[in-house]
file my_file.pdb (PDB, C-alpha atoms, pLDDT in the B column)
ATOM      1  CA  MET K   6      76.046 169.613  62.927  1.00 47.00           C
ATOM      2  CA  SER K   7      77.607 167.029  60.638  1.00 58.00           C
ATOM      3  CA  GLU K   8      79.168 163.766  61.669  1.00 71.00           C
ATOM      4  CA  GLN K   9      82.709 162.849  60.749  1.00 81.00           C
ATOM      5  CA  THR K  10      83.423 159.096  60.586  1.00 87.00           C
ATOM      6  CA  ILE K  11      86.889 157.565  60.422  1.00 91.00           C
ATOM      7  CA  THR K  12      88.104 153.948  60.470  1.00 93.00           C
ATOM      8  CA  VAL K  13      91.631 153.180  61.671  1.00 95.00           C
ATOM      9  CA  THR K  14      93.541 149.982  62.345  1.00 95.00           C
ATOM     10  CA  VAL K  15      95.214 149.606  65.722  1.00 95.00           C
ATOM     11  CA  ALA K  16      97.801 146.897  66.300  1.00 93.00           C
ATOM     12  CA  TYR K  17      97.867 145.527  69.821  1.00 92.00           C
ATOM     13  CA  GLY K  18     100.196 142.613  70.394  1.00 88.00           C
ATOM     14  CA  SER K  19      99.564 140.139  67.607  1.00 90.00           C
ATOM     15  CA  THR K  20      96.017 141.379  66.926  1.00 91.00           C
ATOM     16  CA  LYS K  21      94.776 144.139  64.676  1.00 94.00           C
ATOM     17  CA  ASN K  22      91.601 145.983  65.601  1.00 93.00           C
ATOM     18  CA  SER K  23      89.595 147.906  63.053  1.00 94.00           C
ATOM     19  CA  ILE K  24      88.054 150.825  64.942  1.00 93.00           C
ATOM     20  CA  THR K  25      85.374 153.080  63.468  1.00 93.00           C
ATOM     21  CA  LEU K  26      84.789 156.384  65.232  1.00 92.00           C
ATOM     22  CA  THR K  27      82.263 159.127  64.711  1.00 86.00           C
ATOM     23  CA  GLY K  28      82.932 162.682  65.830  1.00 76.00           C
ATOM     24  CA  HIS K  29      80.049 165.086  66.355  1.00 66.00           C
ATOM     25  CA  ASP K  30      81.981 168.345  66.304  1.00 57.00           C
ATOM     26  CA  ASP K  31      82.435 169.949  62.865  1.00 58.00           C
ATOM     27  CA  ALA K  32      85.823 171.404  63.756  1.00 65.00           C
ATOM     28  CA  LYS K  33      87.409 168.543  65.665  1.00 77.00           C
ATOM     29  CA  GLY K  34      86.084 165.168  64.619  1.00 84.00           C
ATOM     30  CA  PRO K  35      86.881 162.092  66.730  1.00 90.00           C
ATOM     31  CA  THR K  36      89.333 162.674  69.590  1.00 91.00           C
ATOM     32  CA  VAL K  37      92.107 160.583  71.120  1.00 93.00           C
ATOM     33  CA  LYS K  38      89.713 159.921  74.021  1.00 93.00           C
ATOM     34  CA  ASP K  39      87.104 158.540  71.591  1.00 92.00           C
ATOM     35  CA  LEU K  40      89.743 156.161  70.191  1.00 94.00           C
ATOM     36  CA  SER K  41      90.952 155.195  73.663  1.00 93.00           C
ATOM     37  CA  ASP K  42      87.394 154.434  74.832  1.00 93.00           C
ATOM     38  CA  ALA K  43      86.745 152.309  71.733  1.00 94.00           C
ATOM     39  CA  LEU K  44      89.999 150.414  72.317  1.00 93.00           C
ATOM     40  CA  THR K  45      89.050 149.759  75.942  1.00 91.00           C
ATOM     41  CA  GLN K  46      85.862 148.125  74.655  1.00 90.00           C
ATOM     42  CA  ALA K  47      87.679 146.163  71.936  1.00 91.00           C
ATOM     43  CA  THR K  48      90.723 144.985  73.905  1.00 90.00           C
ATOM     44  CA  GLY K  49      89.877 145.268  77.590  1.00 86.00           C
ATOM     45  CA  VAL K  50      92.923 147.488  78.195  1.00 89.00           C
ATOM     46  CA  PRO K  51      91.871 150.391  80.444  1.00 88.00           C
ATOM     47  CA  ALA K  52      92.495 153.895  79.090  1.00 88.00           C
ATOM     48  CA  ALA K  53      94.949 154.665  81.896  1.00 86.00           C
ATOM     49  CA  SER K  54      97.103 151.700  80.821  1.00 87.00           C
ATOM     50  CA  GLN K  55      97.089 152.508  77.102  1.00 93.00           C
ATOM     51  CA  LYS K  56      99.883 154.135  75.143  1.00 93.00           C
ATOM     52  CA  LEU K  57      98.799 155.024  71.611  1.00 95.00           C
ATOM     53  CA  ILE K  58     101.468 155.575  68.962  1.00 94.00           C
ATOM     54  CA  PHE K  59     101.162 156.983  65.440  1.00 94.00           C
ATOM     55  CA  LYS K  60     104.221 157.433  63.196  1.00 93.00           C
ATOM     56  CA  GLY K  61     106.532 157.157  66.201  1.00 90.00           C
ATOM     57  CA  LYS K  62     104.716 159.801  68.233  1.00 91.00           C
ATOM     58  CA  SER K  63     102.738 159.150  71.373  1.00 92.00           C
ATOM     59  CA  LEU K  64      99.163 160.477  71.424  1.00 92.00           C
ATOM     60  CA  LYS K  65      99.050 162.112  74.844  1.00 89.00           C
ATOM     61  CA  ASP K  66      96.388 164.825  74.726  1.00 91.00           C
ATOM     62  CA  MET K  67      93.067 162.992  75.143  1.00 89.00           C
ATOM     63  CA  GLU K  68      91.002 166.026  74.080  1.00 90.00           C
ATOM     64  CA  GLU K  69      92.970 166.557  70.861  1.00 90.00           C
ATOM     65  CA  SER K  70      91.378 165.476  67.582  1.00 89.00           C
ATOM     66  CA  LEU K  71      92.862 162.550  65.701  1.00 92.00           C
ATOM     67  CA  SER K  72      93.170 164.734  62.604  1.00 89.00           C
ATOM     68  CA  SER K  73      95.457 167.144  64.478  1.00 90.00           C
ATOM     69  CA  TYR K  74      97.925 164.262  64.773  1.00 93.00           C
ATOM     70  CA  GLY K  75      97.599 163.599  61.025  1.00 93.00           C
ATOM     71  CA  ILE K  76      95.424 160.527  61.519  1.00 93.00           C
ATOM     72  CA  LYS K  77      92.946 160.000  58.716  1.00 91.00           C
ATOM     73  CA  GLU K  78      90.815 157.255  57.191  1.00 93.00           C
ATOM     74  CA  GLY K  79      92.806 153.998  56.987  1.00 94.00           C
ATOM     75  CA  SER K  80      95.665 155.131  59.231  1.00 94.00           C
ATOM     76  CA  LYS K  81      97.521 152.473  61.198  1.00 95.00           C
ATOM     77  CA  LEU K  82      98.378 152.973  64.853  1.00 95.00           C
ATOM     78  CA  MET K  83      99.922 150.888  67.586  1.00 94.00           C
ATOM     79  CA  MET K  84      98.790 150.440  71.158  1.00 94.00           C
ATOM     80  CA  ILE K  85     100.899 149.272  74.067  1.00 92.00           C
ATOM     81  CA  GLY K  86      99.245 148.443  77.356  1.00 88.00           C
ATOM     82  CA  LYS K  87      98.257 145.802  79.821  1.00 84.00           C
ATOM     83  CA  ARG K  88      94.820 144.518  80.704  1.00 81.00           C
ATOM     84  CA  ASN K  89      93.832 144.519  84.332  1.00 73.00           C
ATOM     85  CA  SER K  90      94.150 141.175  86.024  1.00 73.00           C
ATOM     86  CA  PRO K  91      90.863 139.431  86.882  1.00 74.00           C
ATOM     87  CA  GLU K  92      91.485 140.387  90.509  1.00 76.00           C
ATOM     88  CA  GLU K  93      91.868 144.069  89.580  1.00 75.00           C
ATOM     89  CA  GLU K  94      88.725 143.914  87.454  1.00 74.00           C
ATOM     90  CA  ALA K  95      86.816 142.394  90.375  1.00 79.00           C
ATOM     91  CA  GLU K  96      88.066 145.187  92.659  1.00 78.00           C
ATOM     92  CA  LEU K  97      87.124 147.870  90.116  1.00 77.00           C
ATOM     93  CA  LYS K  98      83.644 146.363  89.873  1.00 82.00           C
ATOM     94  CA  LYS K  99      83.342 146.419  93.668  1.00 84.00           C
ATOM     95  CA  LEU K 100      84.369 150.083  93.677  1.00 83.00           C
ATOM     96  CA  LYS K 101      81.793 150.922  91.015  1.00 85.00           C
ATOM     97  CA  ASP K 102      79.109 149.071  92.985  1.00 89.00           C
ATOM     98  CA  ILE K 103      80.076 150.981  96.124  1.00 89.00           C
ATOM     99  CA  GLU K 104      79.974 154.254  94.215  1.00 89.00           C
ATOM    100  CA  LYS K 105      76.490 153.402  92.942  1.00 92.00           C
ATOM    101  CA  SER K 106      75.338 152.579  96.492  1.00 90.00           C
ATOM    102  CA  VAL K 107      76.691 155.886  97.780  1.00 91.00           C
ATOM    103  CA  GLU K 108      74.893 157.802  95.020  1.00 93.00           C
ATOM    104  CA  GLN K 109      71.600 156.024  95.769  1.00 93.00           C
ATOM    105  CA  MET K 110      71.895 156.687  99.500  1.00 91.00           C
ATOM    106  CA  ALA K 111      72.818 160.330  98.868  1.00 92.00           C
ATOM    107  CA  LYS K 112      69.670 160.750  96.758  1.00 94.00           C
ATOM    108  CA  LYS K 113      67.542 159.230  99.519  1.00 92.00           C
ATOM    109  CA  LEU K 114      69.154 161.515 102.094  1.00 92.00           C
ATOM    110  CA  GLU K 115      68.596 164.521  99.843  1.00 94.00           C
ATOM    111  CA  LYS K 116      64.922 163.592  99.586  1.00 94.00           C
ATOM    112  CA  VAL K 117      64.628 163.343 103.392  1.00 93.00           C
ATOM    113  CA  ASP K 118      66.320 166.730 103.724  1.00 93.00           C
ATOM    114  CA  GLY K 119      63.846 168.225 101.245  1.00 93.00           C
ATOM    115  CA  GLU K 120      60.916 166.793 103.178  1.00 93.00           C
ATOM    116  CA  LEU K 121      62.351 168.163 106.437  1.00 92.00           C
ATOM    117  CA  THR K 122      62.660 171.618 104.872  1.00 92.00           C
ATOM    118  CA  GLY K 123      59.020 171.368 103.811  1.00 91.00           C
ATOM    119  CA  LEU K 124      58.004 170.453 107.360  1.00 89.00           C
ATOM    120  CA  LYS K 125      60.004 173.326 108.827  1.00 90.00           C
ATOM    121  CA  ASN K 126      58.332 175.706 106.376  1.00 91.00           C
ATOM    122  CA  GLY K 127      54.896 174.593 107.546  1.00 88.00           C
ATOM    123  CA  PHE K 128      53.797 172.532 104.554  1.00 89.00           C
ATOM    124  CA  LEU K 129      52.160 169.974 106.849  1.00 88.00           C
ATOM    125  CA  ALA K 130      49.473 170.414 109.466  1.00 88.00           C
ATOM    126  CA  LYS K 131      50.869 170.797 113.024  1.00 86.00           C
ATOM    127  CA  ASP K 132      49.062 167.692 114.308  1.00 90.00           C
ATOM    128  CA  LEU K 133      50.777 165.511 111.630  1.00 91.00           C
ATOM    129  CA  GLN K 134      54.299 166.931 112.013  1.00 89.00           C
ATOM    130  CA  ALA K 135      55.384 164.788 114.990  1.00 89.00           C
ATOM    131  CA  GLU K 136      54.540 161.561 113.177  1.00 92.00           C
ATOM    132  CA  ALA K 137      56.210 162.789 109.965  1.00 92.00           C
ATOM    133  CA  LEU K 138      59.361 163.788 111.874  1.00 92.00           C
ATOM    134  CA  GLY K 139      59.492 160.337 113.480  1.00 92.00           C
ATOM    135  CA  LYS K 140      59.359 158.705 110.040  1.00 94.00           C
ATOM    136  CA  LEU K 141      62.046 161.047 108.690  1.00 93.00           C
ATOM    137  CA  ASP K 142      64.234 160.264 111.704  1.00 93.00           C
ATOM    138  CA  HIS K 143      63.826 156.542 111.026  1.00 93.00           C
ATOM    139  CA  ARG K 144      64.815 157.020 107.358  1.00 93.00           C
ATOM    140  CA  VAL K 145      67.914 159.020 108.360  1.00 93.00           C
ATOM    141  CA  LYS K 146      68.969 156.263 110.770  1.00 92.00           C
ATOM    142  CA  ILE K 147      68.581 153.656 108.013  1.00 92.00           C
ATOM    143  CA  ALA K 148      70.684 155.843 105.685  1.00 91.00           C
ATOM    144  CA  ALA K 149      73.386 156.209 108.360  1.00 91.00           C
ATOM    145  CA  GLU K 150      73.439 152.432 108.819  1.00 92.00           C
ATOM    146  CA  GLN K 151      73.789 151.929 105.054  1.00 91.00           C
ATOM    147  CA  PHE K 152      76.662 154.416 104.925  1.00 89.00           C
ATOM    148  CA  MET K 153      78.383 152.521 107.761  1.00 89.00           C
ATOM    149  CA  LYS K 154      78.054 149.262 105.773  1.00 88.00           C
ATOM    150  CA  ILE K 155      79.586 150.999 102.749  1.00 86.00           C
ATOM    151  CA  LEU K 156      82.478 152.247 104.900  1.00 84.00           C
ATOM    152  CA  GLU K 157      83.062 148.688 106.122  1.00 82.00           C
ATOM    153  CA  GLN K 158      83.262 147.515 102.500  1.00 80.00           C
ATOM    154  CA  ILE K 159      85.779 150.237 101.688  1.00 78.00           C
ATOM    155  CA  ASP K 160      87.794 149.432 104.812  1.00 74.00           C
ATOM    156  CA  ALA K 161      88.075 145.790 103.720  1.00 72.00           C
ATOM    157  CA  MET K 162      89.445 146.938 100.371  1.00 68.00           C
ATOM    158  CA  ASP K 163      92.384 148.679 102.087  1.00 66.00           C
ATOM    159  CA  PHE K 164      93.806 145.266 102.865  1.00 67.00           C
ATOM    160  CA  LEU K 165      93.756 144.482  99.160  1.00 66.00           C
ATOM    161  CA  ALA K 166      95.742 147.643  98.428  1.00 70.00           C
ATOM    162  CA  GLN K 167      98.279 146.502 101.020  1.00 72.00           C
ATOM    163  CA  CYS K 168      98.471 143.102  99.286  1.00 72.00           C
ATOM    164  CA  ASP K 169      99.086 144.826  95.933  1.00 75.00           C
ATOM    165  CA  LYS K 170     101.851 146.955  97.478  1.00 78.00           C
ATOM    166  CA  ILE K 171     103.592 143.903  98.974  1.00 80.00           C
ATOM    167  CA  GLU K 172     103.184 141.996  95.714  1.00 81.00           C
ATOM    168  CA  ALA K 173     104.850 144.875  93.806  1.00 81.00           C
ATOM    169  CA  CYS K 174     107.766 144.857  96.278  1.00 79.00           C
ATOM    170  CA  ILE K 175     108.204 141.123  95.793  1.00 84.00           C
ATOM    171  CA  SER K 176     108.154 141.553  92.024  1.00 81.00           C
ATOM    172  CA  ASP K 177     110.734 144.382  92.179  1.00 83.00           C
ATOM    173  CA  HIS K 178     113.030 142.337  94.404  1.00 80.00           C
ATOM    174  CA  LEU K 179     112.681 139.309  92.133  1.00 82.00           C
ATOM    175  CA  SER K 180     113.611 141.466  89.114  1.00 82.00           C
ATOM    176  CA  LYS K 181     116.725 142.725  90.918  1.00 81.00           C
ATOM    177  CA  ILE K 182     117.772 139.185  91.773  1.00 81.00           C
ATOM    178  CA  GLN K 183     117.227 138.016  88.198  1.00 79.00           C
ATOM    179  CA  SER K 184     119.185 140.936  86.734  1.00 79.00           C
ATOM    180  CA  LYS K 185     122.095 140.246  89.133  1.00 76.00           C
ATOM    181  CA  ASN K 186     122.036 136.573  88.100  1.00 74.00           C
ATOM    182  CA  LEU K 187     122.152 137.591  84.439  1.00 74.00           C
ATOM    183  CA  ALA K 188     125.069 139.946  85.103  1.00 72.00           C
ATOM    184  CA  LEU K 189     126.959 137.180  86.919  1.00 72.00           C
ATOM    185  CA  ALA K 190     126.287 134.717  84.099  1.00 68.00           C
ATOM    186  CA  GLU K 191     127.952 137.028  81.553  1.00 65.00           C
TER     187      GLU K 191
END
call {"tool": "encode", "arguments": {"input": "my_file.pdb", "output": "structure tokens"}}
result
Amino acid sequence: MSEQTITVTVAYGSTKNSITLTGHDDAKGPTVKDLSDALTQATGVPAASQKLIFKGKSLKDMEESLSSYGIKEGSKLMMIGKRNSPEEEAELKKLKDIEKSVEQMAKKLEKVDGELTGLKNGFLAKDLQAEALGKLDHRVKIAAEQFMKILEQIDAMDFLAQCDKIEACISDHLSKIQSKNLALAE
């Protein structure tokens, strides 16, 4: 397996970013997704907000190789996109933290379930099973409480989504008013 390395220049606003990518697949080389991920790191613009353009064509297929679009060493591309606001970044971080908490709790619950299966299959002496079941029950109750706390965190975030929706409506209405004012001024 050989590595294919390519360096391209991507214009974003008034800045130019030199991006070096390495593809690990002999046939494909670096993909649009590889470039998008590198640009997220370099510019802070999330992949979902990026529009990549090469020779007037938009690079839409993330799994497609850069070479299939005719991009080679030294090519120049353009990116259009918007960074998340600090508030959005904070919310995304909260979501990632919640996701991590859920994964950790799920692993703990899986472990309890495995231990319960072992108990049911007789892998512990009968005289010790009651105590072990009590401890497992306690761990399940703690997990349930943690999941409830996570749900409360998610529930609080719904209000933020409502704020974003209202803010978008305000922005749309403001745009309409401004465009009417411009039309009247002409």
call {"tool": "residues_around", "arguments": {"input": "my_file.pdb", "residues": "Gly28 of chain K", "least_positions_apart": "4", "cutoff": "10 Å", "atoms": "all atoms listed in the file", "output": "list of chain:residue names"}}
result
K:Ser7, K:Glu8, K:Gln9, K:Thr10, K:Ile11, K:Ala32, K:Lys33, K:Gly34, K:Pro35, K:Thr36, K:Asp39, K:Ser70, K:Leu71
call {"tool": "closest_residue", "arguments": {"input": "my_file.pdb", "among": "K:Gly86, K:Gly79, K:Gly119, K:Gly61", "to": "Leu44 of chain K", "atoms": "all atoms listed in the file"}}
result
K:Gly86
call {"tool": "atom_distance", "arguments": {"input": "my_file.pdb", "atom1": "atom CA of Ser63 of chain K", "atom2": "atom CA of Ser90 of chain K"}}
result
24.7 Å
call {"tool": "residues_around", "arguments": {"input": "my_file.pdb", "residues": "Glu94 of chain K", "least_positions_apart": "6", "cutoff": "12 Å", "atoms": "all atoms listed in the file", "output": "JSON list (two decimals) with C-alpha atoms, keeping the file's coordinate frame"}}
result
[["chain", "number", "residue", "atom", "x", "y", "z"],
["K", 49, "GLY", "CA", 89.88, 145.27, 77.59],
["K", 50, "VAL", "CA", 92.92, 147.49, 78.19],
["K", 51, "PRO", "CA", 91.87, 150.39, 80.44],
["K", 88, "ARG", "CA", 94.82, 144.52, 80.70],
["K", 100, "LEU", "CA", 84.37, 150.08, 93.68],
["K", 101, "LYS", "CA", 81.79, 150.92, 91.02]]
call {"tool": "residues_around", "arguments": {"input": "my_file.pdb", "residues": "Ala111 of chain K", "least_positions_apart": "4", "cutoff": "12 Å", "atoms": "all atoms listed in the file", "output": "ChimeraX atom specification"}}
result
/K:104-107,115-118,145,148-149,151-152
call {"tool": "residues_around", "arguments": {"input": "my_file.pdb", "residues": "Met84 of chain K", "least_positions_apart": "2", "cutoff": "10 Å", "atoms": "all atoms listed in the file", "output": "ChimeraX atom specification"}}
result
/K:15-18,21,41,44,50,54-59,63,82,86-87
call {"tool": "atom_distance", "arguments": {"input": "my_file.pdb", "atom1": "atom CA of Glu69 of chain K", "atom2": "atom CA of Thr48 of chain K"}}
result
21.9 Å
call {"tool": "atom_distance", "arguments": {"input": "my_file.pdb", "atom1": "atom CA of Glu157 of chain K", "atom2": "atom CA of Ala53 of chain K"}}
result
27.6 Å
call {"tool": "residues_around", "arguments": {"input": "my_file.pdb", "residues": "Leu124 of chain K", "least_positions_apart": "6", "cutoff": "12 Å", "atoms": "only C-alpha atoms", "output": "CSV table (one decimal) with C-alpha atoms, keeping the file's coordinate frame"}}
result
chain,number,residue,atom,x,y,z
K,117,VAL,CA,64.6,163.3,103.4
K,118,ASP,CA,66.3,166.7,103.7
K,130,ALA,CA,49.5,170.4,109.5
K,131,LYS,CA,50.9,170.8,113.0
K,132,ASP,CA,49.1,167.7,114.3
K,133,LEU,CA,50.8,165.5,111.6
K,134,GLN,CA,54.3,166.9,112.0
K,135,ALA,CA,55.4,164.8,115.0
K,136,GLU,CA,54.5,161.6,113.2
K,137,ALA,CA,56.2,162.8,110.0
K,138,LEU,CA,59.4,163.8,111.9
K,139,GLY,CA,59.5,160.3,113.5
K,141,LEU,CA,62.0,161.0,108.7
call {"tool": "resolve_selection", "arguments": {"input": "my_file.pdb", "expression": "the PyMOL selection byres ((chain K and resi 80) around 8)", "output": "JSON list (two decimals) with C-alpha atoms, in the frame of the given file"}}
result
[["chain", "number", "residue", "atom", "x", "y", "z"],
["K", 12, "THR", "CA", 88.10, 153.95, 60.47],
["K", 13, "VAL", "CA", 91.63, 153.18, 61.67],
["K", 14, "THR", "CA", 93.54, 149.98, 62.34],
["K", 76, "ILE", "CA", 95.42, 160.53, 61.52],
["K", 77, "LYS", "CA", 92.95, 160.00, 58.72],
["K", 78, "GLU", "CA", 90.82, 157.26, 57.19],
["K", 79, "GLY", "CA", 92.81, 154.00, 56.99],
["K", 81, "LYS", "CA", 97.52, 152.47, 61.20],
["K", 82, "LEU", "CA", 98.38, 152.97, 64.85]]
